[in-house]
>>> print(open('coords35.tsv').read())   # TSV, C-alpha atoms
chain	number	residue	atom	x	y	z
A	704	MET	CA	-22.51	94.27	22.26
A	705	THR	CA	-21.13	97.27	20.37
A	706	GLU	CA	-17.68	98.85	20.66
A	707	SER	CA	-19.10	101.88	22.49
A	708	GLU	CA	-21.00	99.70	24.95
A	709	LEU	CA	-17.86	97.72	25.68
A	710	GLU	CA	-15.99	100.99	26.16
A	711	ALA	CA	-18.66	102.07	28.66
A	712	LEU	CA	-17.96	98.89	30.65
A	713	PHE	CA	-14.22	99.59	30.56
A	714	ALA	CA	-14.84	103.14	31.77
A	715	THR	CA	-16.81	101.78	34.71
A	716	GLY	CA	-13.98	99.33	35.47
A	717	ARG	CA	-11.37	102.11	35.31
A	718	SER	CA	-13.32	104.33	37.68
A	719	ARG	CA	-13.64	101.70	40.41
A	720	PRO	CA	-11.26	102.56	43.25
A	721	VAL	CA	-9.23	99.80	44.87
A	722	PRO	CA	-7.73	101.63	47.85
A	723	PRO	CA	-5.06	99.72	49.74
A	724	SER	CA	-5.72	99.03	53.41
A	725	GLU	CA	-3.35	100.53	55.96
A	726	ALA	CA	-2.53	96.96	57.01
A	727	LEU	CA	-1.29	96.15	53.49
A	728	LEU	CA	0.79	99.34	53.35
A	729	ALA	CA	2.28	98.46	56.74
A	730	ARG	CA	3.13	94.91	55.59
A	731	VAL	CA	4.81	96.22	52.45
A	732	MET	CA	6.81	98.76	54.48
A	733	ASP	CA	7.79	96.05	56.98
A	734	ASP	CA	9.08	93.92	54.09
A	735	ALA	CA	11.12	96.86	52.80
A	736	MET	CA	12.74	97.40	56.18
A	737	ALA	CA	13.34	93.68	56.73
A	738	GLU	CA	15.07	93.38	53.36
A	739	ALA	CA	17.19	96.45	54.05
A	740	GLY	CA	18.09	95.05	57.48
A	741	ALA	CA	19.05	91.68	56.03
A	742	ARG	CA	21.28	93.39	53.47
A	743	ALA	CA	22.94	95.41	56.22
A	744	GLY	CA	23.95	92.14	57.92
A	745	LEU	CA	21.62	92.48	60.89
A	746	GLY	CA	19.57	89.44	60.02
A	747	ALA	CA	19.91	85.98	61.55
A	748	GLY	CA	22.23	83.45	59.99
A	749	PRO	CA	25.65	81.88	60.30
A	750	VAL	CA	28.29	84.22	61.68
A	751	ARG	CA	31.08	84.72	59.19
A	752	GLY	CA	34.49	86.23	59.94
A	753	GLN	CA	33.53	89.67	58.77
A	754	ASP	CA	30.35	89.54	60.88
A	755	ARG	CA	32.41	88.60	63.94
A	756	ARG	CA	34.55	91.69	63.44
A	757	GLY	CA	31.39	93.70	63.03
A	758	ARG	CA	29.97	92.39	66.29
A	759	LEU	CA	33.24	93.09	68.16
A	760	ALA	CA	33.13	96.63	66.80
A	761	ALA	CA	29.52	96.92	67.97
A	762	LEU	CA	30.47	95.70	71.47
A	763	LEU	CA	33.34	98.18	71.63
A	764	ALA	CA	31.02	100.96	70.52
A	765	VAL	CA	28.69	100.14	73.43
A	766	ILE	CA	31.43	100.50	76.07
A	767	GLY	CA	33.01	103.56	74.47
A	768	GLY	CA	35.40	102.27	71.82
A	769	TRP	CA	39.10	101.32	72.02
A	770	PRO	CA	40.05	104.08	74.58
A	771	ALA	CA	37.54	102.60	77.03
A	772	MET	CA	38.94	99.12	76.35
A	773	GLY	CA	42.46	100.52	77.16
A	774	GLY	CA	41.15	101.82	80.49
A	775	LEU	CA	39.67	98.42	81.33
A	776	VAL	CA	42.96	96.67	80.58
A	777	ALA	CA	44.89	99.16	82.73
A	778	ALA	CA	42.48	98.70	85.65
A	779	GLY	CA	42.81	94.94	85.36
A	780	LEU	CA	46.62	95.12	85.44
A	781	VAL	CA	46.58	97.36	88.52
A	782	GLY	CA	44.35	94.79	90.24
A	783	VAL	CA	46.78	92.02	89.39
A	784	TRP	CA	49.71	94.06	90.72
A	785	ILE	CA	47.88	94.84	93.98
A	786	GLY	CA	47.14	91.15	94.42
A	787	TYR	CA	50.74	90.17	93.72
A	788	ALA	CA	52.55	92.89	95.71
A	789	ALA	CA	50.29	92.71	98.82
A	790	PRO	CA	50.79	96.31	99.94
A	791	GLY	CA	52.07	96.76	103.51
A	792	GLY	CA	49.07	98.82	104.66
A	793	LEU	CA	46.98	95.65	104.54
A	794	ASP	CA	49.07	94.17	107.37
A	795	THR	CA	47.81	96.87	109.76
A	796	VAL	CA	44.20	96.17	108.79
A	797	ARG	CA	44.76	92.43	109.18
A	798	SER	CA	46.34	92.65	112.65
A	799	ASP	CA	43.74	95.14	113.93
A	800	VAL	CA	40.74	93.12	112.69
A	801	LEU	CA	41.88	89.49	112.92
A	802	GLY	CA	44.78	89.55	115.38
A	803	SER	CA	48.18	88.04	114.74
A	804	GLY	CA	47.08	84.49	113.85
A	805	TYR	CA	46.75	85.16	110.09
A	806	GLU	CA	49.19	86.19	107.42
A	807	ILE	CA	48.08	88.47	104.57
A	808	THR	CA	48.60	85.59	102.09
A	809	ASP	CA	45.89	83.65	103.92
A	810	LEU	CA	43.38	86.36	102.96
A	811	VAL	CA	44.53	87.41	99.50
A	812	PRO	CA	45.42	84.66	97.07
A	813	SER	CA	48.66	85.63	95.40
A	814	LEU	CA	49.42	85.56	91.70
A	815	ASP	CA	52.00	82.89	92.51
A	816	SER	CA	49.29	80.45	93.58
A	817	TYR	CA	47.40	81.00	90.29
A	818	LEU	CA	50.58	80.56	88.32
A	819	ASP	CA	51.44	77.40	90.29
A	820	SER	CA	48.05	75.86	89.69
A	821	ASP	CA	48.18	76.74	85.97
A	822	LEU	CA	51.60	75.13	85.66
A	823	ALA	CA	50.47	72.07	87.60
A	824	GLU	CA	47.39	71.65	85.34
A	825	GLY	CA	49.29	72.44	82.16
H	78	MET	CA	-3.04	108.99	54.41
H	79	PRO	CA	-1.74	110.30	51.06
H	80	PHE	CA	-1.55	107.58	48.44
H	81	ASP	CA	-0.29	109.63	45.55
H	82	ASP	CA	3.09	111.11	46.34
H	83	ARG	CA	4.67	112.13	43.05
H	84	GLY	CA	6.82	115.11	43.97
H	85	GLU	CA	9.75	113.27	45.49
H	86	GLY	CA	11.79	112.20	42.48
H	87	SER	CA	11.51	109.42	39.95
H	88	ASP	CA	10.64	105.84	40.86
H	89	GLU	CA	14.08	104.74	39.74
H	90	ALA	CA	15.93	107.37	41.78
H	91	LEU	CA	13.97	106.36	44.85
H	92	LEU	CA	14.55	102.66	44.23
H	93	LEU	CA	18.30	103.24	43.93
H	94	ALA	CA	18.23	105.32	47.13
H	95	TYR	CA	16.38	102.51	48.91
H	96	GLY	CA	19.01	100.08	47.63
H	97	ARG	CA	21.57	102.23	49.45
H	98	GLY	CA	19.53	101.98	52.67
H	99	ASP	CA	17.34	105.09	52.48
H	100	ALA	CA	14.20	104.28	54.51
H	101	ARG	CA	12.48	107.51	53.46
H	102	ALA	CA	12.74	106.49	49.81
H	103	ALA	CA	11.14	103.14	50.68
H	104	ARG	CA	8.24	104.89	52.38
H	105	ILE	CA	7.55	107.09	49.34
H	106	LEU	CA	7.70	104.07	47.02
H	107	VAL	CA	5.29	102.14	49.26
H	108	LEU	CA	2.75	104.95	49.14
H	109	ARG	CA	3.24	105.63	45.45
H	110	LEU	CA	3.38	102.13	43.98
H	111	THR	CA	1.31	99.87	46.24
H	112	PRO	CA	-2.09	101.40	45.31
H	113	TRP	CA	-1.75	100.86	41.58
H	114	VAL	CA	-0.04	97.50	41.95
H	115	LEU	CA	-3.02	96.43	44.06
H	116	ALA	CA	-5.54	97.88	41.60
H	117	TYR	CA	-3.92	96.12	38.64
H	118	ALA	CA	-3.76	92.81	40.52
H	119	ALA	CA	-7.43	93.19	41.50
H	120	ARG	CA	-8.41	93.79	37.86
H	121	LEU	CA	-6.54	90.69	36.74
H	122	THR	CA	-7.65	88.35	39.53
H	123	GLY	CA	-11.06	89.79	40.39
H	124	ASP	CA	-10.30	88.90	44.00
H	125	ARG	CA	-9.35	91.49	46.60
H	126	ALA	CA	-7.60	89.14	49.04
H	127	GLU	CA	-5.61	87.49	46.27
H	128	ALA	CA	-4.72	90.91	44.85
H	129	GLU	CA	-3.33	91.98	48.25
H	130	ASP	CA	-1.12	88.90	48.38
H	131	VAL	CA	0.11	89.56	44.85
H	132	ALA	CA	0.78	93.23	45.62
H	133	GLN	CA	2.83	92.38	48.70
H	134	GLU	CA	4.80	89.71	46.83
H	135	ALA	CA	5.47	92.01	43.86
H	136	MET	CA	6.70	94.78	46.14
H	137	LEU	CA	8.90	92.29	48.02
H	138	ARG	CA	10.52	91.34	44.71
H	139	LEU	CA	11.09	95.02	44.05
H	140	TRP	CA	12.85	95.45	47.41
H	141	ARG	CA	15.03	92.44	46.64
H	142	ILE	CA	16.11	93.61	43.23
H	143	ALA	CA	16.82	97.20	44.37
H	144	PRO	CA	20.58	96.76	45.06
H	145	GLU	CA	21.07	95.21	41.61
H	146	TRP	CA	18.79	97.60	39.71
H	147	ARG	CA	20.50	98.83	36.55
H	148	SER	CA	19.75	102.45	35.91
H	149	GLY	CA	18.07	103.20	32.59
H	150	GLU	CA	17.48	99.58	31.58
H	151	ALA	CA	13.75	99.35	32.30
H	152	ARG	CA	11.08	101.50	33.88
H	153	VAL	CA	10.17	100.49	37.41
H	154	THR	CA	6.47	100.50	36.54
H	155	THR	CA	7.01	98.31	33.45
H	156	TRP	CA	9.03	95.85	35.55
H	157	LEU	CA	6.31	95.79	38.22
H	158	TYR	CA	3.54	95.31	35.64
H	159	ARG	CA	5.41	92.28	34.34
H	160	VAL	CA	5.92	90.80	37.81
H	161	VAL	CA	2.27	91.34	38.78
H	162	THR	CA	1.06	89.87	35.48
H	163	ASN	CA	3.12	86.73	36.00
H	164	LEU	CA	2.09	86.35	39.65
H	165	CYS	CA	-1.59	86.73	38.76
H	166	THR	CA	-1.32	84.28	35.88
H	167	ASP	CA	0.21	81.66	38.19
H	168	ARG	CA	-2.54	82.14	40.75
H	169	LEU	CA	-5.34	82.05	38.19
H	170	ARG	CA	-3.97	78.83	36.72
H	171	ARG	CA	-3.90	77.25	40.15
H	172	ARG	CA	-7.43	78.49	40.79
H	173	ARG	CA	-8.63	77.06	37.47
H	174	GLY	CA	-7.24	73.74	38.59
H	175	THR	CA	-10.12	73.63	41.04
H	176	GLY	CA	-12.66	74.11	38.24
H	177	LEU	CA	-14.59	76.93	36.70
H	178	ASP	CA	-17.12	76.81	39.52
H	179	SER	CA	-14.75	78.90	41.64
H	180	LEU	CA	-14.77	81.77	39.13
H	181	PRO	CA	-17.11	84.65	39.91
H	182	GLU	CA	-20.55	84.21	38.46
H	183	PRO	CA	-22.16	87.03	36.50
H	184	ALA	CA	-24.10	89.18	38.91
H	185	ASP	CA	-27.85	89.31	38.72
H	186	GLY	CA	-29.13	92.67	37.65
H	187	ALA	CA	-32.48	94.21	36.87
H	188	PRO	CA	-33.56	96.92	34.41
H	189	GLY	CA	-34.21	100.28	36.01
H	190	VAL	CA	-31.77	100.04	38.92
H	191	GLU	CA	-30.13	103.23	40.11
H	192	ALA	CA	-26.95	104.41	38.42
H	193	ARG	CA	-24.66	103.31	41.24
H	194	MET	CA	-26.11	99.83	41.22
H	195	GLN	CA	-25.86	99.76	37.45
H	196	ASP	CA	-22.18	100.67	37.66
H	197	GLU	CA	-21.69	97.86	40.14
H	198	ALA	CA	-23.54	95.42	37.88
H	199	ARG	CA	-21.47	96.51	34.87
H	200	ALA	CA	-18.20	96.21	36.77
H	201	GLN	CA	-19.09	92.76	38.04
H	202	ALA	CA	-20.23	91.61	34.61
H	203	LEU	CA	-16.98	92.83	33.07
H	204	GLU	CA	-14.94	91.17	35.82
H	205	ALA	CA	-16.71	87.85	35.33
H	206	ALA	CA	-16.32	88.00	31.54
H	207	LEU	CA	-12.64	88.91	31.84
H	208	ALA	CA	-12.07	85.96	34.16
H	209	ARG	CA	-13.25	83.63	31.42
H	210	LEU	CA	-10.87	84.94	28.77
H	211	PRO	CA	-7.64	83.09	27.99
H	212	ASP	CA	-4.79	84.46	30.16
H	213	ARG	CA	-2.94	86.39	27.47
H	214	GLN	CA	-6.10	87.97	26.06
H	215	ARG	CA	-7.19	89.05	29.53
H	216	GLU	CA	-3.77	90.55	30.32
H	217	ALA	CA	-3.68	92.49	27.04
H	218	VAL	CA	-7.25	93.79	27.42
H	219	VAL	CA	-6.72	94.85	31.04
H	220	LEU	CA	-3.43	96.60	30.27
H	221	ARG	CA	-4.90	98.38	27.23
H	222	HIS	CA	-8.42	99.24	28.32
H	223	LEU	CA	-8.34	99.33	32.13
H	224	GLU	CA	-4.76	100.42	32.82
H	225	GLY	CA	-4.78	102.65	29.74
H	226	LEU	CA	-1.28	101.72	28.52
H	227	ALA	CA	-0.05	102.15	24.95
H	228	ASN	CA	0.58	99.06	22.84
H	229	PRO	CA	4.41	99.41	22.78
H	230	GLU	CA	4.55	99.40	26.59
H	231	ILE	CA	2.15	96.45	26.74
H	232	ALA	CA	4.40	94.63	24.28
H	233	GLU	CA	7.37	95.27	26.58
H	234	ILE	CA	5.48	94.06	29.65
H	235	MET	CA	4.18	90.92	27.93
H	236	GLU	CA	7.45	90.41	26.04
H	237	ILE	CA	5.71	90.05	22.68
H	238	SER	CA	5.47	92.16	19.51
H	239	VAL	CA	3.14	95.14	19.15
H	240	GLU	CA	1.27	93.22	16.44
H	241	ALA	CA	0.71	90.34	18.87
H	242	VAL	CA	-0.67	92.82	21.42
H	243	GLU	CA	-3.09	94.22	18.82
H	244	SER	CA	-4.20	90.71	17.93
H	245	LEU	CA	-4.71	89.68	21.57
H	246	THR	CA	-6.71	92.81	22.45
H	247	ALA	CA	-8.88	92.49	19.33
H	248	ARG	CA	-9.69	88.84	20.02
H	249	GLY	CA	-10.21	89.56	23.70
H	250	LYS	CA	-12.68	92.35	22.98
H	251	ARG	CA	-14.60	90.22	20.48
H	252	ALA	CA	-14.86	87.46	23.10
H	253	LEU	CA	-16.03	89.94	25.75
H	254	ALA	CA	-18.63	91.44	23.41
H	255	ALA	CA	-19.96	87.98	22.59
H	256	ALA	CA	-20.04	86.89	26.25
H	257	LEU	CA	-21.91	90.01	27.33
H	258	ALA	CA	-24.23	90.31	24.31
H	259	GLY	CA	-27.08	88.57	26.09
H	260	ARG	CA	-26.90	90.95	29.05
H	261	ARG	CA	-27.14	94.29	27.22
H	262	ALA	CA	-30.57	95.21	28.54
H	263	GLU	CA	-29.73	94.04	32.05
H	264	LEU	CA	-26.64	96.27	32.03
H	265	GLY	CA	-28.59	99.29	30.87
H	266	PHE	CA	-27.77	99.25	27.15
H	267	GLU	CA	-30.94	99.88	25.17
H	268	ASP	CA	-31.42	99.45	21.45
H	269	ASP	CA	-31.79	102.74	19.59
>>> encode(input="coords35.tsv", output="structure tokens")
Amino acid sequence: MTESELEALFATGRSRPVPPSEALLARVMDDAMAEAGARAGLGAGPVRGQDRRGRLAALLAVIGGWPAMGGLVAAGLVGVWIGYAAPGGLDTVRSDVLGSGYEITDLVPSLDSYLDSDLAEG
Amino acid sequence: MPFDDRGEGSDEALLLAYGRGDARAARILVLRLTPWVLAYAARLTGDRAEAEDVAQEAMLRLWRIAPEWRSGEARVTTWLYRVVTNLCTDRLRRRRGTGLDSLPEPADGAPGVEARMQDEARAQALEAALARLPDRQREAVVLRHLEGLANPEIAEIMEISVEAVESLTARGKRALAAALAGRRAELGFEDD
């Protein structure tokens, strides 16, 4: 076979298209995104200290950041105070609904009882 | 779907952008590089399914090296050619382990077939003859005569000297010419 005949075969080989399937392109793109995701720390794996901070930040972002967390803490403290102080208005509700046989402490567990049980267990 | 998207910056700039998390850069690289990676793998392996696996694996290695890519050290295409060449060589060696029977057989042809069928017969004959060349000769011949690369770039891809490339391509072509000599008439080459 001569040089020019061989070159004719090469020319035929060069002109043959090998188009990629859309499925292959999609797989390659998926790999690219998966690698980028893994680098960004979103992949599975052991949770290191820095990742924990990242996940706490993500949780805070969901509920509205540190200001929202401050609001939650304040609401919790108000609830504790209401439970501990047993406002007087509740007495009226108690006597109207249940009569005089119950004290308010029978209905609303006080902070003292929690503290007592904690101390007893501790 | 556009496969040739060359107006969006250099391969290296896009790869560095992808390394910084730019998904758009990744998409352009997928569309730009996957077609020729696949075509080169198909020319080396002669097997479409195997070429797809090689293309995906080569591109995966590209994604993984992106954050560490050193600007100006190597061309992205040269690096990919080298990766694809090595992946194909590994696969062909494993395939040869099962015996030459698994290599494609020369296609039957007949004088007087239409041009399209003759092209097909020529392409298949070349593919079969290439598959029987030693690995390094096949790689050099494919890079030079099917990919159309210059010898210095082939030398860089194969990590050998330019003289070694010239020697490999010359021996490869002689072997191809000898292997196909008996099929000249069948492939539409008539004596003057």
>>> residues_around(input="coords35.tsv", residues="Asp734 in chain A", least_positions_apart="4", cutoff="10 Å", atoms="all atoms listed in the file", output="PyMOL selection string")
(chain A and resi 728-730+738-740) or (chain H and resi 133-134+136-138+140-141)
>>> closest_atom_pairs(input="coords35.tsv", of="chain H", to="chain A", cutoff="9 Å", atoms="only C-alpha atoms", output="CSV")
residue,atom,partner,partner_atom,distance
H:Met78,CA,A:Glu725,CA,8.6
H:Phe80,CA,A:Pro722,CA,8.6
H:Tyr95,CA,A:Ala739,CA,8.0
H:Gly96,CA,A:Ala739,CA,7.6
H:Arg97,CA,A:Ala739,CA,8.6
H:Gly98,CA,A:Ala739,CA,6.2
H:Asp99,CA,A:Ala739,CA,8.8
H:Ala100,CA,A:Met736,CA,7.2
H:Ala103,CA,A:Ala735,CA,6.6
H:Arg104,CA,A:Met732,CA,6.6
H:Val107,CA,A:Met732,CA,6.4
H:Leu108,CA,A:Leu728,CA,7.3
H:Thr111,CA,A:Leu728,CA,7.1
H:Pro112,CA,A:Pro723,CA,5.6
H:Trp113,CA,A:Val721,CA,8.2
H:Leu115,CA,A:Pro723,CA,6.9
H:Ala116,CA,A:Val721,CA,5.3
H:Tyr117,CA,A:Val721,CA,9.0
H:Ala119,CA,A:Val721,CA,7.6
H:Arg120,CA,A:Gly716,CA,8.2
H:Arg125,CA,A:Val721,CA,8.5
H:Glu129,CA,A:Leu727,CA,7.0
H:Asp130,CA,A:Leu727,CA,8.9
H:Ala132,CA,A:Val731,CA,8.5
H:Gln133,CA,A:Val731,CA,5.7
H:Glu134,CA,A:Val731,CA,8.6
H:Met136,CA,A:Val731,CA,6.7
H:Leu137,CA,A:Asp734,CA,6.3
H:Leu139,CA,A:Ala735,CA,8.9
H:Trp140,CA,A:Ala735,CA,5.8
H:Arg141,CA,A:Glu738,CA,6.8
H:Asp196,CA,A:Thr715,CA,6.2
H:Glu197,CA,A:Thr715,CA,8.3
H:Arg199,CA,A:Leu712,CA,6.0
H:Ala200,CA,A:Gly716,CA,5.4
H:Gln201,CA,A:Gly716,CA,8.7
H:Ala202,CA,A:Leu712,CA,8.6
H:Leu203,CA,A:Leu712,CA,6.6
H:Glu204,CA,A:Gly716,CA,8.2
H:Val219,CA,A:Phe713,CA,8.9
H:His222,CA,A:Phe713,CA,6.2
H:Leu223,CA,A:Arg717,CA,5.2
H:Glu224,CA,A:Arg717,CA,7.3
H:Gly225,CA,A:Arg717,CA,8.6
H:Lys250,CA,A:Leu709,CA,7.9
H:Leu253,CA,A:Leu709,CA,8.0
H:Ala254,CA,A:Met704,CA,4.9
H:Ala255,CA,A:Met704,CA,6.8
H:Ala256,CA,A:Met704,CA,8.7
H:Leu257,CA,A:Met704,CA,6.6
H:Ala258,CA,A:Met704,CA,4.8
H:Gly259,CA,A:Met704,CA,8.2
H:Arg260,CA,A:Met704,CA,8.7
H:Arg261,CA,A:Met704,CA,6.8
H:Phe266,CA,A:Glu708,CA,7.1
>>> atom_distance(input="coords35.tsv", atom1="CA of Pro229 in chain H", atom2="CA of Ala94 in chain H")
28.6 Å
>>> atom_distance(input="coords35.tsv", atom1="CA of Thr155 in chain H", atom2="CA of Ile234 in chain H")
5.9 Å
>>> residues_near_point(input="coords35.tsv", point="(10.6, 92.0, 27.3)", cutoff="12 Å", atoms="all atoms listed in the file", output="list of chain:residue names")
H:Glu150, H:Ala151, H:Arg152, H:Thr155, H:Trp156, H:Tyr158, H:Arg159, H:Val160, H:Pro229, H:Glu230, H:Ile231, H:Ala232, H:Glu233, H:Ile234, H:Met235, H:Glu236, H:Ile237, H:Ser238, H:Val239
>>> closest_residue(input="coords35.tsv", among="H:Thr166, H:Glu89, H:Thr154, H:Ser148", to="Glu127 in chain H", atoms="only C-alpha atoms")
H:Thr166
>>> build_atoms(input="coords35.tsv", residues="range 720-738 of chain A", atoms="N, CA and C atoms", output="PDB file, in the coordinates of the input")
ATOM      1  N   PRO A 720     -12.451 102.437  42.409  1.00  0.00           N
ATOM      2  CA  PRO A 720     -11.260 102.560  43.250  1.00  0.00           C
ATOM      3  C   PRO A 720     -10.945 101.236  43.955  1.00  0.00           C
ATOM      4  N   VAL A 721      -9.661 100.970  44.090  1.00  0.00           N
ATOM      5  CA  VAL A 721      -9.230  99.800  44.870  1.00  0.00           C
ATOM      6  C   VAL A 721      -8.213 100.307  45.899  1.00  0.00           C
ATOM      7  N   PRO A 722      -8.690 101.042  46.903  1.00  0.00           N
ATOM      8  CA  PRO A 722      -7.730 101.630  47.850  1.00  0.00           C
ATOM      9  C   PRO A 722      -7.053 100.561  48.698  1.00  0.00           C
ATOM     10  N   PRO A 723      -5.752 100.699  48.897  1.00  0.00           N
ATOM     11  CA  PRO A 723      -5.060  99.720  49.740  1.00  0.00           C
ATOM     12  C   PRO A 723      -5.390  99.952  51.215  1.00  0.00           C
ATOM     13  N   SER A 724      -5.485  98.883  51.973  1.00  0.00           N
ATOM     14  CA  SER A 724      -5.720  99.030  53.410  1.00  0.00           C
ATOM     15  C   SER A 724      -4.412  99.496  54.066  1.00  0.00           C
ATOM     16  N   GLU A 725      -4.561 100.118  55.233  1.00  0.00           N
ATOM     17  CA  GLU A 725      -3.350 100.530  55.960  1.00  0.00           C
ATOM     18  C   GLU A 725      -2.541  99.314  56.371  1.00  0.00           C
ATOM     19  N   ALA A 726      -3.238  98.186  56.619  1.00  0.00           N
ATOM     20  CA  ALA A 726      -2.530  96.960  57.010  1.00  0.00           C
ATOM     21  C   ALA A 726      -1.623  96.492  55.877  1.00  0.00           C
ATOM     22  N   LEU A 727      -2.123  96.572  54.629  1.00  0.00           N
ATOM     23  CA  LEU A 727      -1.290  96.150  53.490  1.00  0.00           C
ATOM     24  C   LEU A 727      -0.084  97.082  53.362  1.00  0.00           C
ATOM     25  N   LEU A 728      -0.325  98.390  53.457  1.00  0.00           N
ATOM     26  CA  LEU A 728       0.790  99.340  53.350  1.00  0.00           C
ATOM     27  C   LEU A 728       1.836  99.066  54.436  1.00  0.00           C
ATOM     28  N   ALA A 729       1.349  98.736  55.641  1.00  0.00           N
ATOM     29  CA  ALA A 729       2.280  98.460  56.740  1.00  0.00           C
ATOM     30  C   ALA A 729       3.082  97.189  56.463  1.00  0.00           C
ATOM     31  N   ARG A 730       2.414  96.169  55.895  1.00  0.00           N
ATOM     32  CA  ARG A 730       3.130  94.910  55.590  1.00  0.00           C
ATOM     33  C   ARG A 730       4.202  95.155  54.530  1.00  0.00           C
ATOM     34  N   VAL A 731       3.850  95.942  53.519  1.00  0.00           N
ATOM     35  CA  VAL A 731       4.810  96.220  52.450  1.00  0.00           C
ATOM     36  C   VAL A 731       6.005  97.001  52.998  1.00  0.00           C
ATOM     37  N   MET A 732       5.721  97.970  53.880  1.00  0.00           N
ATOM     38  CA  MET A 732       6.810  98.760  54.480  1.00  0.00           C
ATOM     39  C   MET A 732       7.681  97.876  55.375  1.00  0.00           C
ATOM     40  N   ASP A 733       7.037  96.977  56.122  1.00  0.00           N
ATOM     41  CA  ASP A 733       7.790  96.050  56.980  1.00  0.00           C
ATOM     42  C   ASP A 733       8.743  95.204  56.131  1.00  0.00           C
ATOM     43  N   ASP A 734       8.232  94.722  54.994  1.00  0.00           N
ATOM     44  CA  ASP A 734       9.080  93.920  54.090  1.00  0.00           C
ATOM     45  C   ASP A 734      10.282  94.739  53.624  1.00  0.00           C
ATOM     46  N   ALA A 735      10.026  96.005  53.278  1.00  0.00           N
ATOM     47  CA  ALA A 735      11.120  96.860  52.800  1.00  0.00           C
ATOM     48  C   ALA A 735      12.199  97.000  53.867  1.00  0.00           C
ATOM     49  N   MET A 736      11.774  97.223  55.100  1.00  0.00           N
ATOM     50  CA  MET A 736      12.740  97.400  56.180  1.00  0.00           C
ATOM     51  C   MET A 736      13.462  96.094  56.508  1.00  0.00           C
ATOM     52  N   ALA A 737      12.710  94.983  56.453  1.00  0.00           N
ATOM     53  CA  ALA A 737      13.340  93.680  56.730  1.00  0.00           C
ATOM     54  C   ALA A 737      14.402  93.361  55.689  1.00  0.00           C
ATOM     55  N   GLU A 738      14.098  93.642  54.429  1.00  0.00           N
ATOM     56  CA  GLU A 738      15.070  93.380  53.360  1.00  0.00           C
ATOM     57  C   GLU A 738      16.297  94.270  53.528  1.00  0.00           C
TER      58      GLU A 738
END
